[in-house]
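Colleague: Got a structure for you, questions after.
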Amino acid sequence: MADYYGALGVAQDATDDEIKKAYRKLARQLHPDVNADPAAQERFKAVTAAYEVLSDPQKRQVVDLGGDPLSSGPGSAGSPFSQGFGGLGDIMDAFFGGGSGGGRGPRSRSRQGSDALLRIECELAETVFGTDRELTVETAVVCSTCTGEGTARGTHPTVCDTCQGRGEVQQVQRSFLGQVMTSRACPRCSGLGSIIEHPCGECSGDGRVRARRTLTVKVPAGIEHGMRIRLSGEGEVGPGGGPAGDLYVEVVEREHPVFSREGDDLHCTVTLPMTAAALGTHVPLSTLDGDETLDIAPGTQPDEVLTLRARGVPHLRATGRGDLHVHLRIEVPTRLDTKQEDLLRDLARLRGEEHPASSGKGGGLFGRRRR
Ligand SMILES: [Zn+2]
Ligand SMILES: [Zn+2]
C-alpha cells in the first residue's frame with residue numbers, strides 16, 4: 001500500500017498547511033511540464049495521489065487507521081487494509097513514542113459459560129431422608145469435532161489483518177489540543193484479534209454444541225422446598241471452549257397426603273371417635289420412619305397435640321431431627337340410633353349433665369348454635 005506521508009515527505013502529524021506546502025514544492029520539481037524524466041512522472045502521480053488523500057480529512061483518517069482510501073472498495077481481491085505497512089502499531093510507535101493502545105490486547109474468544117437451573121420434584125420422604133437422583137440435562141458442551149476452537153478440522157483462526165491481532169484499532173483525531181489518539185474494538189474481528197475463516201461444521205464456530213447427558217445429584221437429607229443444590233462446573237460450557245458455569249438443581253417438594261412440613265417439624269392430624277378420646281386407646285400411625293403406635297390417654301381433649309420427638313426432618317446443617325406433631329381431632333357422632341341416644345342420655349344423667357330432650361331450640365349448655 002502506498003506510503004502517502006512518505007511520498008510527500010511529511011510527518012504523520014503534519015498540518016494541512018505543511019502538506020500543501022510539501023506538495024507544491026514537489027509538484028514544481030516533478031510536474032511533466034518541467035520534468036520530462038519518466039521516473040519523475042511516476043513520482044508526480046504518486047505525490048498527487050498522496051496530496052489528494054492527505055488533504056481530504058476523511059481519506060486521511062482512513063490512512064491513519066491503516067487503510068488505503070484509493071484502493072478499490074470492498075469486494076476486491078484481498079483486504080482493503082493490506083499489511084504492507086508492517087502494522088499500524090509501528091506507525092503509532094514511530095510517531096507517538098511507542099506504547100500505543102495501552103496494551104489491552106485482544107479479548108479472548110473463549111468465555112465463561114453461564115449457569116443452568118433445573119428443577120426436580122421430590123417426595124417428602126426424599127427430602128427428609130435424602131436421595132440420589134439421576135438427572136438428564138441438556139446443556140452446551142464442548143464441541144468434540146473442534147475441541148472448542150470453533151474451526152474446521154485442520155484449520156485454525158487466522159490473525160485479523162485489520163488490527164494485526166491486537167483486537168483494537170486506533171484512530172487519530174485532530175482537536176484544538178492537537179492529535180488525540182483513541183482506540184476502539186476492531187470492527188472486523190469484534191476485538192478478538194483473530195478470524196475463523198473456516199468454521200467448524202458441527203458447532204458453526206461457537207466451539208460448543210447442545211447435548212444431553214445424565215448425572216447424579218445427591219439430595220441431602222433435610223433439604224427444603226425451593227433450596228438449590230449447586231453442581232459446580234456442570235452448567236453451560238462457554239463459547240470457544242470457555243469454562244462451564246454451574247448447574248443449580250432446585251428442589252420442589254411434593255405435597256404429602258398425610259404430613260405437612262413446617263421447617264424441620266412435621267404435622268399431621270388424627271381423627272378419633274369421641275368415645276376413644278374419652279376412654280383412651282392405641283392408634284396405629286404410619287410415619288415416614290415406619291409404623292408407630294399412638295397412645296391416646298383417656299380423657300384426651302379436642303385439638304390436643306401429641307409430639308413424637310425426633311420423628312421430623314433431619315436438620316440440614318446440624319445433627320438431630322425435628323419433631324412430628326400429631327393434632328388430634330375428636331369426632332362427635334352426627335347420627336345416633338335410639339339405643340345409642342339412650343346410652344348417651346344415661347351417661348349424661350350419670351354425670352349430672354341432664355338437658356332437654358329436644359335437639360332444636362333450647363338454652364343451657366347444649367343449646368348453642370349447631371354447626
Ligand atoms: Zn466445533
Ligand atoms: Zn481485528
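We label chains A, B, ... in the order they appear in the C-alpha cells, count residues from 1 in each chain, and number ligands from 1 in the order shown.
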Report the residues of range 154-359 of chain A whose backbone DSSP state falls under strand (DSSP E), written as a PyMOL selection string.
Modeller: chain A and resi 158-159+168-175+178-185+194-195+208-219+228-231+247-253+260-262+265-273+281-287+290-296+305-308+324-331
Colleague: May I ask you to write as a ChimeraX atom specification all residues lying at most 6 Å from ligand 2, with only C-alpha atoms and all ligand atoms counted?
Modeller: /A:160,162-163,165,167,186,188-189,191,193
Colleague: Those residues with N, CA and C atoms, as a PDB file, in the first residue's frame please?
Modeller:
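This is the output file selection-v4.pdb:
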ATOM      1  N   CYS A 160      -6.257 -11.450  12.542  1.00  0.00           N
ATOM      2  CA  CYS A 160      -7.044 -10.427  11.849  1.00  0.00           C
ATOM      3  C   CYS A 160      -6.095  -9.409  11.236  1.00  0.00           C
ATOM      4  N   THR A 162      -6.859  -6.566   9.943  1.00  0.00           N
ATOM      5  CA  THR A 162      -7.255  -5.167  10.155  1.00  0.00           C
ATOM      6  C   THR A 162      -6.546  -4.599  11.380  1.00  0.00           C
ATOM      7  N   CYS A 163      -6.481  -5.409  12.407  1.00  0.00           N
ATOM      8  CA  CYS A 163      -5.882  -4.915  13.653  1.00  0.00           C
ATOM      9  C   CYS A 163      -4.573  -5.631  13.956  1.00  0.00           C
ATOM     10  N   GLY A 165      -4.127  -8.502  14.863  1.00  0.00           N
ATOM     11  CA  GLY A 165      -4.242  -9.355  16.034  1.00  0.00           C
ATOM     12  C   GLY A 165      -4.354  -8.608  17.344  1.00  0.00           C
ATOM     13  N   GLY A 167      -6.838  -6.671  18.229  1.00  0.00           N
ATOM     14  CA  GLY A 167      -8.227  -6.637  18.699  1.00  0.00           C
ATOM     15  C   GLY A 167      -8.782  -5.234  18.775  1.00  0.00           C
ATOM     16  N   CYS A 186     -11.754  -3.653  17.248  1.00  0.00           N
ATOM     17  CA  CYS A 186     -11.617  -3.823  15.799  1.00  0.00           C
ATOM     18  C   CYS A 186     -12.956  -4.264  15.218  1.00  0.00           C
ATOM     19  N   ARG A 188     -13.634  -5.585  12.391  1.00  0.00           N
ATOM     20  CA  ARG A 188     -13.608  -6.798  11.549  1.00  0.00           C
ATOM     21  C   ARG A 188     -13.688  -8.056  12.401  1.00  0.00           C
ATOM     22  N   CYS A 189     -12.916  -8.086  13.485  1.00  0.00           N
ATOM     23  CA  CYS A 189     -12.842  -9.319  14.286  1.00  0.00           C
ATOM     24  C   CYS A 189     -13.591  -9.151  15.603  1.00  0.00           C
ATOM     25  N   GLY A 191     -12.897  -7.376  17.999  1.00  0.00           N
ATOM     26  CA  GLY A 191     -11.988  -7.286  19.136  1.00  0.00           C
ATOM     27  C   GLY A 191     -11.297  -8.578  19.498  1.00  0.00           C
ATOM     28  N   GLY A 193      -9.124 -10.239  17.599  1.00  0.00           N
ATOM     29  CA  GLY A 193      -7.751 -10.311  17.103  1.00  0.00           C
ATOM     30  C   GLY A 193      -7.537 -11.417  16.091  1.00  0.00           C
TER      31      GLY A 193
END
Colleague: Give me the chain A side of the contact with ligand 1, cut-off 9 Å, one line per residue showing its nearest atom pair and distance in Å at one decimal, counting only C-alpha atoms and all ligand atoms, sorted by chain and residue number, as a tab-separated table.
Modeller:
residue	atom	partner	partner_atom_place_in_ligand_line	distance
A:Val142	CA	ligand 1	1 (Zn)	7.8
A:Cys143	CA	ligand 1	1 (Zn)	4.6
A:Ser144	CA	ligand 1	1 (Zn)	6.5
A:Thr145	CA	ligand 1	1 (Zn)	5.0
A:Cys146	CA	ligand 1	1 (Zn)	4.1
A:Thr147	CA	ligand 1	1 (Zn)	6.4
A:Gly148	CA	ligand 1	1 (Zn)	5.9
A:Glu149	CA	ligand 1	1 (Zn)	6.7
A:Gly150	CA	ligand 1	1 (Zn)	4.6
A:Thr151	CA	ligand 1	1 (Zn)	6.4
A:Ala152	CA	ligand 1	1 (Zn)	7.1
A:Arg153	CA	ligand 1	1 (Zn)	8.6
A:Pro199	CA	ligand 1	1 (Zn)	7.5
A:Cys200	CA	ligand 1	1 (Zn)	4.5
A:Gly201	CA	ligand 1	1 (Zn)	6.4
A:Glu202	CA	ligand 1	1 (Zn)	4.9
A:Cys203	CA	ligand 1	1 (Zn)	4.2
A:Ser204	CA	ligand 1	1 (Zn)	6.5
A:Gly205	CA	ligand 1	1 (Zn)	5.9
A:Asp206	CA	ligand 1	1 (Zn)	6.7
A:Gly207	CA	ligand 1	1 (Zn)	4.6
A:Arg208	CA	ligand 1	1 (Zn)	6.1
A:Val209	CA	ligand 1	1 (Zn)	7.4
A:Gly240	CA	ligand 1	1 (Zn)	8.9
Colleague: Just write the chosen residues, C-alpha atoms, as a tab-separated table (two decimals), in the first residue's frame.
Modeller:
chain	number	residue	atom	x	y	z
A	142	VAL	CA	-17.51	-28.59	24.25
A	143	CYS	CA	-17.79	-29.46	20.55
A	144	SER	CA	-15.87	-32.68	20.16
A	145	THR	CA	-15.20	-32.05	16.47
A	146	CYS	CA	-13.13	-28.92	17.02
A	147	THR	CA	-12.49	-29.35	20.78
A	148	GLY	CA	-13.91	-25.90	21.34
A	149	GLU	CA	-11.73	-23.97	18.94
A	150	GLY	CA	-14.58	-23.42	16.51
A	151	THR	CA	-12.50	-24.08	13.41
A	152	ALA	CA	-12.96	-26.73	10.74
A	153	ARG	CA	-10.71	-29.74	11.05
A	199	PRO	CA	-15.87	-22.52	10.96
A	200	CYS	CA	-16.41	-25.98	12.32
A	201	GLY	CA	-19.42	-27.51	10.63
A	202	GLU	CA	-20.63	-29.10	13.84
A	203	CYS	CA	-20.85	-26.00	16.02
A	204	SER	CA	-20.74	-23.21	13.40
A	205	GLY	CA	-17.67	-21.79	15.09
A	206	ASP	CA	-19.18	-21.45	18.56
A	207	GLY	CA	-16.97	-24.22	19.91
A	208	ARG	CA	-19.87	-25.88	21.72
A	209	VAL	CA	-22.91	-27.93	20.95
A	240	GLY	CA	-14.76	-21.02	22.40
Colleague: Can you list, as a list in words, every protein, DNA or RNA residue that comes within 8 Å of Gln170 in chain A when you count only C-alpha atoms, leaving out same-chain residues fewer than 5 positions away?
Modeller: Leu65, Gly101, Met181, Thr182, Ser183 and Arg184 of chain A
Colleague: Go through range 123-178 of chain A residue by residue and, counting only C-alpha atoms, keep those with an atom at most 9 Å from range 287-307 of chain A; for each kept residue give the shortest atom pair and its distance in Å to one decimal, ordered by chain and increasing number, as a tab-separated table.
Modeller:
residue	atom	partner	partner_atom	distance
A:Leu124	CA	A:Leu288	CA	8.6
A:Ala125	CA	A:Leu288	CA	6.4
A:Val128	CA	A:Leu288	CA	8.5
Colleague: Keeping N, CA and C atoms for every residue in the selection just given, could you write it to a file as a PDB file, in the first residue's frame?
Modeller:
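The new file out-v3.pdb reads:
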ATOM      1  N   LEU A 124     -41.754 -36.176  49.900  1.00  0.00           N
ATOM      2  CA  LEU A 124     -41.350 -35.760  51.248  1.00  0.00           C
ATOM      3  C   LEU A 124     -40.315 -36.719  51.834  1.00  0.00           C
ATOM      4  N   ALA A 125     -40.509 -38.003  51.598  1.00  0.00           N
ATOM      5  CA  ALA A 125     -39.556 -38.976  52.142  1.00  0.00           C
ATOM      6  C   ALA A 125     -38.158 -38.745  51.569  1.00  0.00           C
ATOM      7  N   VAL A 128     -36.687 -35.680  53.310  1.00  0.00           N
ATOM      8  CA  VAL A 128     -36.447 -35.985  54.721  1.00  0.00           C
ATOM      9  C   VAL A 128     -35.199 -36.868  54.870  1.00  0.00           C
TER      10      VAL A 128
END
Colleague: May I ask for the distance between CA of Ala221 in chain A and CA of Phe129 in chain A, given in Å to one decimal place?
Modeller: 4.4 Å
Colleague: Report the distance between CA of Glu331 in chain A and CA of Leu272 in chain A in Å, rounded to one decimal place.
Modeller: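 These two atoms are separated by 5.8 Å.
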Colleague: Counting only C-alpha atoms, figure out which residue out of A:Leu328, A:Leu279, A:Ala7, A:Ile195 gets nearest to Lys45 in chain A.
Modeller: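 Answer, going by the shortest atom-to-atom distance: A:Ala7.
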Colleague: Could you please determine the separation between CA of Thr127 in chain A and CA of Glu253 in chain A in Å, to one decimal place?
Modeller: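 Answer for the CA of Thr127 in chain A to CA of Glu253 in chain A separation: 7.3 Å.
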Colleague: Using only C-alpha atoms, which of A:Gln112, A:Ser232, A:Gln61, A:Ser194 sits nearest Gln171 in chain A?
Modeller: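 Among the listed residues, the smallest separation from Gln171 in chain A belongs to A:Gln61.
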Colleague: For Gly320 in chain A, which of A:Asp264, A:Pro38, A:Ala185, A:Arg254 is the closest residue, counting only C-alpha atoms?
Modeller: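 Between A:Asp264, A:Pro38, A:Ala185, A:Arg254, the residue approaching Gly320 in chain A most closely is A:Asp264.
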Colleague: Within 9 Å of Lys218 in chain A, counting only C-alpha atoms, which residues qualify if same-chain residues fewer than 6 places away don't, as a PyMOL selection string?
Modeller: chain A and resi 130-134+229
Colleague: Write out as a ChimeraX atom specification which residues come within 12 Å of range 115-122 of chain A when counting only C-alpha atoms, dropping same-chain ones fewer than 6 positions away.
Modeller: /A:128-140,217-238,243-256
Colleague: Ranking A:Leu215, A:Gly242, A:Ala39, A:Val62 by minimum distance to Arg109 in chain A and counting only C-alpha atoms, which one comes first?
Modeller: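 The answer is A:Gly242, which sits nearest to Arg109 in chain A.
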